[in-house]
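Scroll down for the structure; my scribbles are underneath it.
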Amino acid sequence: MTSFTLTIHSMLKQAQADLSAALDLPAKEAKLEAQLLLQHCLNVNRAWLLTHESDALQTDTHEEFEALLKRRLDGEPIAYILGKREFYGLEFKVTPDTLIPRPDTETLVEAALENIPKDWPHRILDLGTGTGAIAIAIAKHCPLSQVTAVDASSAALAVAQENGKNLGIGNVEFVLSDWFGALQGRIFELIVSNPPYIAQDDTHLKQGDLRFEPANALASGKDGLDDIQQIIGQARQHLKPQGWLMLEHGHDQAEKVAELMKEARFDAISSFADLSGVFRVTQGQYLP
C-alpha cells in the first residue's frame, strides 16, 4: 500500500484511490469511507475534516488510520471497523454478533409506522432484533406503545439492550427467545421481523460484507424461506384479531411470501417497495 504524507488531504486522496481499486467502490463512496475512517481516528466531524485538509498529522494518527484502512481493504465492513451505523436517523452500535442495519430495512419501519396509531398504546413484537434497530426506531416514534424485541443470540441481545440505553428508549423490552419460543400466551397488535432469508448456497454469502456477518442471521434453508415460513405459521397464535404481520424478505420473494401468508389464512396481503423500487416488505392481517 502506498505510503501517506502526513496531511489530511494527501491521506484521504490516496485512501480513496486504494479503496476504489481494492473494493471496486464508486469514487464518491470511496471518498466517504476514507473520511469516515479518518474522522474516527481524530474524533472529529466531517465539517472539521474539510476545513483542516492542509493540517499535518501526528505519526500515531497516521499509523492508526493505516491500520483501519488495511482492515477495510481486506474487506471488513466499515460498520464493524467503526463499531456503529446510522439507521432511521439514529446511531446504533454494531458488532460482528449482529447484522449491519441497512437502508432497505427502513422500508419495514416506515410501513410499520403506518399501522400504529399514535394516540393509543400498541403491543409490538420485533422478531430477531439484532442491534435493536427496528424495535428502537419504532419505539422512538411510538412512545405510547410497548415494543418487545427478541433474539436467539444473547450476544446480539446485549448489543440491542446497550443501544436502547444509549438512545434513551424506555419502551422496549428485550427477551432472549428463539422466535416465539419464550412468548407463550403473549399477544400483540403488530409483529415485525427482518429474518434470515438468503438461500444457504447463495454465492452472495461469500462476497462483500456478508462474509463477515453472522451466517445464522442471513441464511435460511435451501430457498431462504425456512424461517419466514416458521414465523408465518406461528404468528396468528400471537396476534390480536385485526393485527398485522410484516416481514422483510429478499428482492425476489414477495410473491412467495404472499402465498405463504395466504395459505396461513392471512388477509389484506400487500407488499411495499424499497427506495430501489423492489418489493422488500410484505404484510398480512389476522382476521379470525
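Ordered as shown in the C-alpha cells, chains take letters A, B, and onward, while each chain numbers its residues from 1 and ligands are numbered from 1 in the order shown.
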Backbone-only DSSP, helix (DSSP H, G or I) members of segment 82-250 of chain A, as a PDB file with N, CA and C atoms, in the first residue's frame:
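Listed below is the output, states-v5.pdb:
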ATOM      1  N   LEU A  82     -15.802   0.764  12.502  1.00  0.00           N
ATOM      2  CA  LEU A  82     -16.166   1.951  13.279  1.00  0.00           C
ATOM      3  C   LEU A  82     -16.978   1.594  14.514  1.00  0.00           C
ATOM      4  N   PRO A 103     -30.243   0.478   4.754  1.00  0.00           N
ATOM      5  CA  PRO A 103     -31.329   1.374   4.347  1.00  0.00           C
ATOM      6  C   PRO A 103     -32.585   0.644   3.884  1.00  0.00           C
ATOM      7  N   ASP A 104     -32.429  -0.522   3.228  1.00  0.00           N
ATOM      8  CA  ASP A 104     -33.603  -1.264   2.766  1.00  0.00           C
ATOM      9  C   ASP A 104     -34.569  -1.562   3.910  1.00  0.00           C
ATOM     10  N   THR A 105     -34.010  -1.803   5.105  1.00  0.00           N
ATOM     11  CA  THR A 105     -34.841  -2.183   6.241  1.00  0.00           C
ATOM     12  C   THR A 105     -35.647  -1.006   6.774  1.00  0.00           C
ATOM     13  N   GLU A 106     -35.252   0.209   6.422  1.00  0.00           N
ATOM     14  CA  GLU A 106     -36.067   1.358   6.812  1.00  0.00           C
ATOM     15  C   GLU A 106     -37.452   1.285   6.173  1.00  0.00           C
ATOM     16  N   THR A 107     -37.571   0.560   5.061  1.00  0.00           N
ATOM     17  CA  THR A 107     -38.872   0.341   4.438  1.00  0.00           C
ATOM     18  C   THR A 107     -39.820  -0.362   5.398  1.00  0.00           C
ATOM     19  N   LEU A 108     -39.300  -1.338   6.151  1.00  0.00           N
ATOM     20  CA  LEU A 108     -40.118  -2.054   7.127  1.00  0.00           C
ATOM     21  C   LEU A 108     -40.573  -1.123   8.244  1.00  0.00           C
ATOM     22  N   VAL A 109     -39.684  -0.273   8.731  1.00  0.00           N
ATOM     23  CA  VAL A 109     -40.053   0.676   9.783  1.00  0.00           C
ATOM     24  C   VAL A 109     -41.125   1.637   9.282  1.00  0.00           C
ATOM     25  N   GLU A 110     -40.917   2.197   8.099  1.00  0.00           N
ATOM     26  CA  GLU A 110     -41.888   3.138   7.533  1.00  0.00           C
ATOM     27  C   GLU A 110     -43.266   2.489   7.397  1.00  0.00           C
ATOM     28  N   ALA A 111     -43.293   1.273   6.864  1.00  0.00           N
ATOM     29  CA  ALA A 111     -44.563   0.587   6.663  1.00  0.00           C
ATOM     30  C   ALA A 111     -45.215   0.247   8.005  1.00  0.00           C
ATOM     31  N   ALA A 112     -44.417  -0.158   8.978  1.00  0.00           N
ATOM     32  CA  ALA A 112     -44.952  -0.497  10.295  1.00  0.00           C
ATOM     33  C   ALA A 112     -45.587   0.716  10.959  1.00  0.00           C
ATOM     34  N   LEU A 113     -44.938   1.862  10.858  1.00  0.00           N
ATOM     35  CA  LEU A 113     -45.460   3.072  11.493  1.00  0.00           C
ATOM     36  C   LEU A 113     -46.833   3.458  10.936  1.00  0.00           C
ATOM     37  N   GLU A 114     -47.105   3.084   9.685  1.00  0.00           N
ATOM     38  CA  GLU A 114     -48.408   3.365   9.100  1.00  0.00           C
ATOM     39  C   GLU A 114     -49.513   2.548   9.773  1.00  0.00           C
ATOM     40  N   ALA A 133     -32.336  -2.206  15.955  1.00  0.00           N
ATOM     41  CA  ALA A 133     -32.610  -1.034  15.121  1.00  0.00           C
ATOM     42  C   ALA A 133     -34.099  -0.865  14.816  1.00  0.00           C
ATOM     43  N   ILE A 134     -34.766  -1.943  14.390  1.00  0.00           N
ATOM     44  CA  ILE A 134     -36.177  -1.837  14.032  1.00  0.00           C
ATOM     45  C   ILE A 134     -37.013  -1.510  15.264  1.00  0.00           C
ATOM     46  N   ALA A 135     -36.807  -2.282  16.331  1.00  0.00           N
ATOM     47  CA  ALA A 135     -37.597  -2.103  17.554  1.00  0.00           C
ATOM     48  C   ALA A 135     -37.417  -0.707  18.137  1.00  0.00           C
ATOM     49  N   ILE A 136     -36.177  -0.250  18.195  1.00  0.00           N
ATOM     50  CA  ILE A 136     -35.884   1.049  18.815  1.00  0.00           C
ATOM     51  C   ILE A 136     -36.407   2.198  17.959  1.00  0.00           C
ATOM     52  N   ALA A 137     -36.261   2.086  16.635  1.00  0.00           N
ATOM     53  CA  ALA A 137     -36.779   3.135  15.747  1.00  0.00           C
ATOM     54  C   ALA A 137     -38.293   3.252  15.885  1.00  0.00           C
ATOM     55  N   ILE A 138     -38.986   2.108  15.924  1.00  0.00           N
ATOM     56  CA  ILE A 138     -40.437   2.132  16.085  1.00  0.00           C
ATOM     57  C   ILE A 138     -40.805   2.694  17.454  1.00  0.00           C
ATOM     58  N   ALA A 139     -40.116   2.243  18.494  1.00  0.00           N
ATOM     59  CA  ALA A 139     -40.426   2.691  19.858  1.00  0.00           C
ATOM     60  C   ALA A 139     -40.241   4.193  20.009  1.00  0.00           C
ATOM     61  N   LYS A 140     -39.210   4.728  19.376  1.00  0.00           N
ATOM     62  CA  LYS A 140     -38.956   6.165  19.479  1.00  0.00           C
ATOM     63  C   LYS A 140     -40.107   6.969  18.881  1.00  0.00           C
ATOM     64  N   HIS A 141     -40.662   6.488  17.781  1.00  0.00           N
ATOM     65  CA  HIS A 141     -41.718   7.225  17.095  1.00  0.00           C
ATOM     66  C   HIS A 141     -43.114   6.878  17.619  1.00  0.00           C
ATOM     67  N   SER A 154     -27.727 -14.315  22.659  1.00  0.00           N
ATOM     68  CA  SER A 154     -27.544 -13.477  23.851  1.00  0.00           C
ATOM     69  C   SER A 154     -26.558 -12.347  23.572  1.00  0.00           C
ATOM     70  N   ALA A 155     -25.571 -12.598  22.714  1.00  0.00           N
ATOM     71  CA  ALA A 155     -24.599 -11.548  22.377  1.00  0.00           C
ATOM     72  C   ALA A 155     -25.264 -10.421  21.598  1.00  0.00           C
ATOM     73  N   ALA A 156     -26.108 -10.771  20.637  1.00  0.00           N
ATOM     74  CA  ALA A 156     -26.826  -9.750  19.872  1.00  0.00           C
ATOM     75  C   ALA A 156     -27.791  -8.991  20.776  1.00  0.00           C
ATOM     76  N   LEU A 157     -28.463  -9.704  21.659  1.00  0.00           N
ATOM     77  CA  LEU A 157     -29.435  -9.057  22.545  1.00  0.00           C
ATOM     78  C   LEU A 157     -28.750  -8.054  23.466  1.00  0.00           C
ATOM     79  N   ALA A 158     -27.525  -8.370  23.890  1.00  0.00           N
ATOM     80  CA  ALA A 158     -26.777  -7.435  24.737  1.00  0.00           C
ATOM     81  C   ALA A 158     -26.473  -6.144  23.982  1.00  0.00           C
ATOM     82  N   VAL A 159     -26.152  -6.257  22.697  1.00  0.00           N
ATOM     83  CA  VAL A 159     -25.913  -5.069  21.873  1.00  0.00           C
ATOM     84  C   VAL A 159     -27.193  -4.248  21.753  1.00  0.00           C
ATOM     85  N   ALA A 160     -28.310  -4.927  21.511  1.00  0.00           N
ATOM     86  CA  ALA A 160     -29.594  -4.232  21.390  1.00  0.00           C
ATOM     87  C   ALA A 160     -29.952  -3.499  22.684  1.00  0.00           C
ATOM     88  N   GLN A 161     -29.731  -4.159  23.812  1.00  0.00           N
ATOM     89  CA  GLN A 161     -30.014  -3.524  25.106  1.00  0.00           C
ATOM     90  C   GLN A 161     -29.147  -2.279  25.303  1.00  0.00           C
ATOM     91  N   GLU A 162     -27.890  -2.374  24.924  1.00  0.00           N
ATOM     92  CA  GLU A 162     -26.993  -1.233  25.047  1.00  0.00           C
ATOM     93  C   GLU A 162     -27.451  -0.084  24.157  1.00  0.00           C
ATOM     94  N   ASN A 163     -27.906  -0.420  22.941  1.00  0.00           N
ATOM     95  CA  ASN A 163     -28.401   0.625  22.045  1.00  0.00           C
ATOM     96  C   ASN A 163     -29.642   1.301  22.612  1.00  0.00           C
ATOM     97  N   GLY A 164     -30.539   0.517  23.176  1.00  0.00           N
ATOM     98  CA  GLY A 164     -31.725   1.106  23.780  1.00  0.00           C
ATOM     99  C   GLY A 164     -31.376   2.056  24.908  1.00  0.00           C
ATOM    100  N   LYS A 165     -30.415   1.661  25.732  1.00  0.00           N
ATOM    101  CA  LYS A 165     -29.978   2.510  26.842  1.00  0.00           C
ATOM    102  C   LYS A 165     -29.293   3.769  26.337  1.00  0.00           C
ATOM    103  N   ASN A 166     -28.383   3.606  25.373  1.00  0.00           N
ATOM    104  CA  ASN A 166     -27.639   4.756  24.854  1.00  0.00           C
ATOM    105  C   ASN A 166     -28.553   5.784  24.193  1.00  0.00           C
ATOM    106  N   THR A 203     -24.315 -17.613  -3.598  1.00  0.00           N
ATOM    107  CA  THR A 203     -22.911 -17.193  -3.712  1.00  0.00           C
ATOM    108  C   THR A 203     -22.650 -15.839  -3.061  1.00  0.00           C
ATOM    109  N   HIS A 204     -23.693 -15.030  -2.876  1.00  0.00           N
ATOM    110  CA  HIS A 204     -23.504 -13.714  -2.259  1.00  0.00           C
ATOM    111  C   HIS A 204     -23.017 -13.828  -0.806  1.00  0.00           C
ATOM    112  N   LEU A 205     -23.266 -14.976  -0.172  1.00  0.00           N
ATOM    113  CA  LEU A 205     -22.827 -15.159   1.210  1.00  0.00           C
ATOM    114  C   LEU A 205     -21.302 -15.164   1.329  1.00  0.00           C
ATOM    115  N   LYS A 206     -20.619 -15.368   0.205  1.00  0.00           N
ATOM    116  CA  LYS A 206     -19.156 -15.396   0.201  1.00  0.00           C
ATOM    117  C   LYS A 206     -18.563 -14.131  -0.402  1.00  0.00           C
ATOM    118  N   GLY A 208     -18.373  -9.628  -0.342  1.00  0.00           N
ATOM    119  CA  GLY A 208     -18.603  -8.358   0.338  1.00  0.00           C
ATOM    120  C   GLY A 208     -18.786  -8.468   1.840  1.00  0.00           C
ATOM    121  N   ASP A 209     -19.640  -7.590   2.381  1.00  0.00           N
ATOM    122  CA  ASP A 209     -19.862  -7.534   3.825  1.00  0.00           C
ATOM    123  C   ASP A 209     -20.425  -8.826   4.382  1.00  0.00           C
ATOM    124  N   LEU A 210     -21.203  -9.562   3.571  1.00  0.00           N
ATOM    125  CA  LEU A 210     -21.869 -10.760   4.070  1.00  0.00           C
ATOM    126  C   LEU A 210     -20.880 -11.799   4.592  1.00  0.00           C
ATOM    127  N   ARG A 211     -19.651 -11.791   4.093  1.00  0.00           N
ATOM    128  CA  ARG A 211     -18.639 -12.741   4.564  1.00  0.00           C
ATOM    129  C   ARG A 211     -18.342 -12.581   6.046  1.00  0.00           C
ATOM    130  N   ALA A 215     -23.669 -15.845  10.006  1.00  0.00           N
ATOM    131  CA  ALA A 215     -24.346 -16.638   8.975  1.00  0.00           C
ATOM    132  C   ALA A 215     -25.760 -17.028   9.398  1.00  0.00           C
ATOM    133  N   ASN A 216     -25.959 -17.302  10.694  1.00  0.00           N
ATOM    134  CA  ASN A 216     -27.287 -17.743  11.134  1.00  0.00           C
ATOM    135  C   ASN A 216     -28.318 -16.619  11.100  1.00  0.00           C
ATOM    136  N   ALA A 217     -27.873 -15.387  10.876  1.00  0.00           N
ATOM    137  CA  ALA A 217     -28.798 -14.262  10.737  1.00  0.00           C
ATOM    138  C   ALA A 217     -29.031 -13.909   9.272  1.00  0.00           C
ATOM    139  N   ASP A 226     -37.085 -20.799   5.097  1.00  0.00           N
ATOM    140  CA  ASP A 226     -37.409 -21.649   6.244  1.00  0.00           C
ATOM    141  C   ASP A 226     -37.904 -20.842   7.436  1.00  0.00           C
ATOM    142  N   ASP A 227     -37.166 -19.793   7.818  1.00  0.00           N
ATOM    143  CA  ASP A 227     -37.552 -19.013   8.992  1.00  0.00           C
ATOM    144  C   ASP A 227     -38.814 -18.196   8.726  1.00  0.00           C
ATOM    145  N   ILE A 228     -38.930 -17.645   7.530  1.00  0.00           N
ATOM    146  CA  ILE A 228     -40.145 -16.905   7.178  1.00  0.00           C
ATOM    147  C   ILE A 228     -41.366 -17.800   7.284  1.00  0.00           C
ATOM    148  N   GLN A 229     -41.248 -19.031   6.788  1.00  0.00           N
ATOM    149  CA  GLN A 229     -42.371 -19.966   6.848  1.00  0.00           C
ATOM    150  C   GLN A 229     -42.714 -20.305   8.299  1.00  0.00           C
ATOM    151  N   GLN A 230     -41.705 -20.477   9.138  1.00  0.00           N
ATOM    152  CA  GLN A 230     -41.951 -20.777  10.550  1.00  0.00           C
ATOM    153  C   GLN A 230     -42.659 -19.612  11.247  1.00  0.00           C
ATOM    154  N   ILE A 231     -42.197 -18.396  10.979  1.00  0.00           N
ATOM    155  CA  ILE A 231     -42.812 -17.214  11.596  1.00  0.00           C
ATOM    156  C   ILE A 231     -44.270 -17.076  11.164  1.00  0.00           C
ATOM    157  N   ILE A 232     -44.519 -17.205   9.872  1.00  0.00           N
ATOM    158  CA  ILE A 232     -45.888 -17.085   9.366  1.00  0.00           C
ATOM    159  C   ILE A 232     -46.785 -18.157   9.986  1.00  0.00           C
ATOM    160  N   GLY A 233     -46.254 -19.374  10.117  1.00  0.00           N
ATOM    161  CA  GLY A 233     -47.045 -20.472  10.650  1.00  0.00           C
ATOM    162  C   GLY A 233     -47.450 -20.301  12.100  1.00  0.00           C
ATOM    163  N   GLN A 234     -46.660 -19.546  12.872  1.00  0.00           N
ATOM    164  CA  GLN A 234     -46.924 -19.393  14.299  1.00  0.00           C
ATOM    165  C   GLN A 234     -47.493 -18.026  14.673  1.00  0.00           C
ATOM    166  N   ALA A 235     -47.467 -17.081  13.763  1.00  0.00           N
ATOM    167  CA  ALA A 235     -47.784 -15.687  14.111  1.00  0.00           C
ATOM    168  C   ALA A 235     -49.223 -15.496  14.565  1.00  0.00           C
ATOM    169  N   ARG A 236     -50.186 -16.201  13.950  1.00  0.00           N
ATOM    170  CA  ARG A 236     -51.592 -15.993  14.296  1.00  0.00           C
ATOM    171  C   ARG A 236     -51.867 -16.277  15.772  1.00  0.00           C
ATOM    172  N   GLN A 237     -51.096 -17.196  16.362  1.00  0.00           N
ATOM    173  CA  GLN A 237     -51.278 -17.513  17.779  1.00  0.00           C
ATOM    174  C   GLN A 237     -50.884 -16.355  18.686  1.00  0.00           C
ATOM    175  N   HIS A 238     -50.148 -15.379  18.150  1.00  0.00           N
ATOM    176  CA  HIS A 238     -49.635 -14.270  18.956  1.00  0.00           C
ATOM    177  C   HIS A 238     -50.141 -12.919  18.474  1.00  0.00           C
TER     178      HIS A 238
END
Could you tell me, as a PyMOL selection string, which residues of segment 92-288 of chain A DSSP assigns to strand (DSSP E or B) when given the backbone? chain A and resi 92-93+123-127+146-151+172-176+188-193+198+219+239-248+267-273+279-285
Mind dumping the selected residues with N, CA and C atoms as a tab-separated table (two decimals), in the first residue's frame?
chain	number	residue	atom	x	y	z
A	92	PHE	N	-26.51	3.47	15.89
A	92	PHE	CA	-26.53	2.20	16.59
A	92	PHE	C	-25.13	1.59	16.69
A	93	LYS	N	-24.83	1.05	17.85
A	93	LYS	CA	-23.63	0.24	17.99
A	93	LYS	C	-23.84	-1.06	17.22
A	123	ARG	N	-49.16	-3.04	21.36
A	123	ARG	CA	-48.14	-4.02	21.74
A	123	ARG	C	-47.50	-4.51	20.44
A	124	ILE	N	-46.20	-4.32	20.34
A	124	ILE	CA	-45.47	-4.59	19.09
A	124	ILE	C	-44.35	-5.58	19.38
A	125	LEU	N	-44.16	-6.54	18.50
A	125	LEU	CA	-43.12	-7.54	18.64
A	125	LEU	C	-42.16	-7.46	17.46
A	126	ASP	N	-40.86	-7.40	17.77
A	126	ASP	CA	-39.81	-7.44	16.74
A	126	ASP	C	-39.05	-8.75	16.91
A	127	LEU	N	-39.17	-9.63	15.92
A	127	LEU	CA	-38.53	-10.95	15.98
A	127	LEU	C	-37.16	-10.91	15.33
A	146	GLN	N	-45.68	-0.27	23.55
A	146	GLN	CA	-44.66	-1.09	24.19
A	146	GLN	C	-44.13	-2.08	23.16
A	147	VAL	N	-42.82	-2.07	22.95
A	147	VAL	CA	-42.19	-2.94	21.96
A	147	VAL	C	-41.43	-4.04	22.68
A	148	THR	N	-41.64	-5.27	22.23
A	148	THR	CA	-40.87	-6.41	22.72
A	148	THR	C	-39.92	-6.84	21.62
A	149	ALA	N	-38.63	-6.87	21.92
A	149	ALA	CA	-37.60	-7.22	20.94
A	149	ALA	C	-36.94	-8.53	21.36
A	150	VAL	N	-37.00	-9.54	20.51
A	150	VAL	CA	-36.43	-10.83	20.87
A	150	VAL	C	-35.31	-11.21	19.91
A	151	ASP	N	-34.38	-12.00	20.43
A	151	ASP	CA	-33.32	-12.57	19.61
A	151	ASP	C	-32.85	-13.86	20.27
A	172	VAL	N	-38.97	-0.33	25.31
A	172	VAL	CA	-38.61	-1.58	24.64
A	172	VAL	C	-38.20	-2.59	25.70
A	173	GLU	N	-38.76	-3.78	25.61
A	173	GLU	CA	-38.40	-4.91	26.46
A	173	GLU	C	-37.58	-5.89	25.61
A	174	PHE	N	-36.45	-6.33	26.12
A	174	PHE	CA	-35.58	-7.24	25.38
A	174	PHE	C	-35.68	-8.64	25.98
A	175	VAL	N	-35.95	-9.64	25.11
A	175	VAL	CA	-36.21	-11.00	25.57
A	175	VAL	C	-35.37	-11.98	24.76
A	176	LEU	N	-34.68	-12.88	25.46
A	176	LEU	CA	-33.93	-13.95	24.79
A	176	LEU	C	-34.92	-15.03	24.38
A	188	PHE	N	-49.97	-9.63	20.54
A	188	PHE	CA	-49.51	-8.34	20.04
A	188	PHE	C	-50.46	-7.82	18.96
A	189	GLU	N	-50.49	-6.51	18.82
A	189	GLU	CA	-51.24	-5.91	17.72
A	189	GLU	C	-50.45	-5.90	16.42
A	190	LEU	N	-49.12	-5.96	16.54
A	190	LEU	CA	-48.25	-5.90	15.35
A	190	LEU	C	-47.01	-6.73	15.59
A	191	ILE	N	-46.66	-7.56	14.61
A	191	ILE	CA	-45.41	-8.32	14.64
A	191	ILE	C	-44.60	-7.93	13.41
A	192	VAL	N	-43.34	-7.54	13.62
A	192	VAL	CA	-42.43	-7.21	12.53
A	192	VAL	C	-41.20	-8.09	12.62
A	193	SER	N	-40.57	-8.33	11.50
A	193	SER	CA	-39.32	-9.11	11.52
A	193	SER	C	-38.53	-8.90	10.24
A	198	ILE	N	-31.82	-15.54	2.98
A	198	ILE	CA	-30.94	-15.88	1.86
A	198	ILE	C	-30.80	-17.39	1.77
A	219	ALA	N	-28.77	-16.73	6.35
A	219	ALA	CA	-29.24	-17.84	5.52
A	219	ALA	C	-30.32	-18.65	6.23
A	239	LEU	N	-51.15	-12.94	17.61
A	239	LEU	CA	-51.71	-11.69	17.10
A	239	LEU	C	-53.14	-11.49	17.61
A	240	LYS	N	-53.43	-10.27	17.98
A	240	LYS	CA	-54.78	-9.88	18.30
A	240	LYS	C	-55.58	-9.82	17.00
A	241	PRO	N	-56.87	-10.17	17.01
A	241	PRO	CA	-57.67	-10.02	15.78
A	241	PRO	C	-57.52	-8.62	15.19
A	242	GLN	N	-57.36	-8.59	13.87
A	242	GLN	CA	-57.08	-7.39	13.07
A	242	GLN	C	-55.63	-6.91	13.20
A	243	GLY	N	-54.80	-7.69	13.89
A	243	GLY	CA	-53.39	-7.36	13.99
A	243	GLY	C	-52.64	-7.70	12.71
A	244	TRP	N	-51.43	-7.14	12.59
A	244	TRP	CA	-50.65	-7.27	11.36
A	244	TRP	C	-49.35	-8.03	11.58
A	245	LEU	N	-48.98	-8.83	10.59
A	245	LEU	CA	-47.65	-9.43	10.49
A	245	LEU	C	-46.95	-8.78	9.32
A	246	MET	N	-45.72	-8.27	9.53
A	246	MET	CA	-44.97	-7.57	8.49
A	246	MET	C	-43.55	-8.14	8.43
A	247	LEU	N	-43.15	-8.60	7.24
A	247	LEU	CA	-41.86	-9.27	7.07
A	247	LEU	C	-41.03	-8.62	5.98
A	248	GLU	N	-39.76	-8.39	6.29
A	248	GLU	CA	-38.80	-8.07	5.23
A	248	GLU	C	-38.37	-9.37	4.58
A	267	ASP	N	-55.19	-12.11	5.71
A	267	ASP	CA	-55.98	-11.32	4.77
A	267	ASP	C	-55.28	-10.00	4.48
A	268	ALA	N	-55.85	-9.24	3.55
A	268	ALA	CA	-55.36	-7.90	3.19
A	268	ALA	C	-53.86	-7.90	2.94
A	269	ILE	N	-53.38	-8.89	2.21
A	269	ILE	CA	-51.95	-9.06	1.96
A	269	ILE	C	-51.49	-8.05	0.91
A	270	SER	N	-50.37	-7.38	1.20
A	270	SER	CA	-49.82	-6.41	0.26
A	270	SER	C	-48.31	-6.29	0.48
A	271	SER	N	-47.62	-5.71	-0.49
A	271	SER	CA	-46.16	-5.56	-0.42
A	271	SER	C	-45.77	-4.11	-0.61
A	272	PHE	N	-44.58	-3.76	-0.08
A	272	PHE	CA	-44.06	-2.40	-0.13
A	272	PHE	C	-42.69	-2.42	-0.81
A	273	ALA	N	-42.45	-1.44	-1.66
A	273	ALA	CA	-41.18	-1.34	-2.37
A	273	ALA	C	-40.18	-0.50	-1.59
A	279	PHE	N	-39.86	-4.81	-4.31
A	279	PHE	CA	-40.75	-5.20	-3.21
A	279	PHE	C	-39.91	-5.86	-2.12
A	280	ARG	N	-39.86	-5.23	-0.95
A	280	ARG	CA	-38.95	-5.63	0.12
A	280	ARG	C	-39.68	-6.06	1.38
A	281	VAL	N	-40.95	-5.65	1.55
A	281	VAL	CA	-41.73	-5.95	2.74
A	281	VAL	C	-43.11	-6.43	2.32
A	282	THR	N	-43.58	-7.50	2.97
A	282	THR	CA	-44.93	-7.98	2.74
A	282	THR	C	-45.67	-8.08	4.06
A	283	GLN	N	-46.94	-7.67	4.07
A	283	GLN	CA	-47.74	-7.69	5.28
A	283	GLN	C	-49.04	-8.46	5.06
A	284	GLY	N	-49.56	-8.99	6.16
A	284	GLY	CA	-50.86	-9.65	6.15
A	284	GLY	C	-51.56	-9.39	7.45
A	285	GLN	N	-52.90	-9.37	7.41
A	285	GLN	CA	-53.70	-9.06	8.60
A	285	GLN	C	-54.42	-10.32	9.09
Can you work out which one of A:Asp18, A:Asp24, A:Thr61, A:Asn171 has the shortest atom-to-atom distance to Gln39 of chain A, counting only C-alpha atoms?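 Nearest candidate to Gln39 of chain A out of A:Asp18, A:Asp24, A:Thr61, A:Asn171: A:Thr61.
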Name the residues in contact with Asp55 of chain A at a cut-off of 9 Å, using only C-alpha atoms, excluding same-chain residues fewer than 2 positions from it; report them as a PyMOL selection string. chain A and resi 6-9+52-53+57
Can you work out the spacing between atom CA of Trp48 of chain A and atom CA of Asp74 of chain A in Å, to one decimal? 27.9 Å
Long-range neighbours of Val94 of chain A as a PyMOL selection string, 8 Å cut-off, only C-alpha atoms, 4 positions minimum in chain: chain A and resi 79-80+83-85+98-100+131+159
Write the residues of the preceding selection, restricted to C-alpha atoms, as a short mmCIF file (atom, residue, chain, number, x, y, z; two decimals), in the first residue's frame.
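Produced file selection-v9.cif, reproduced below:
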data_model
loop_
_atom_site.label_atom_id
_atom_site.label_comp_id
_atom_site.auth_asym_id
_atom_site.auth_seq_id
_atom_site.Cartn_x
_atom_site.Cartn_y
_atom_site.Cartn_z
CA ALA A 79 -19.61 -0.54 10.22
CA TYR A 80 -17.68 -3.19 12.15
CA GLY A 83 -18.43 -0.02 15.62
CA LYS A 84 -21.53 1.93 14.60
CA ARG A 85 -24.07 2.52 11.83
CA THR A 98 -25.18 -8.54 14.76
CA LEU A 99 -26.25 -7.84 11.22
CA ILE A 100 -25.40 -4.37 9.95
CA THR A 131 -28.88 -4.44 17.01
CA VAL A 159 -25.91 -5.07 21.87
#
For His249 of chain A, which of A:Leu36, A:Ala199, A:Ile78, A:Leu25 is the closest residue, counting only C-alpha atoms?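 Selected residue with least distance to His249 of chain A: A:Ala199.
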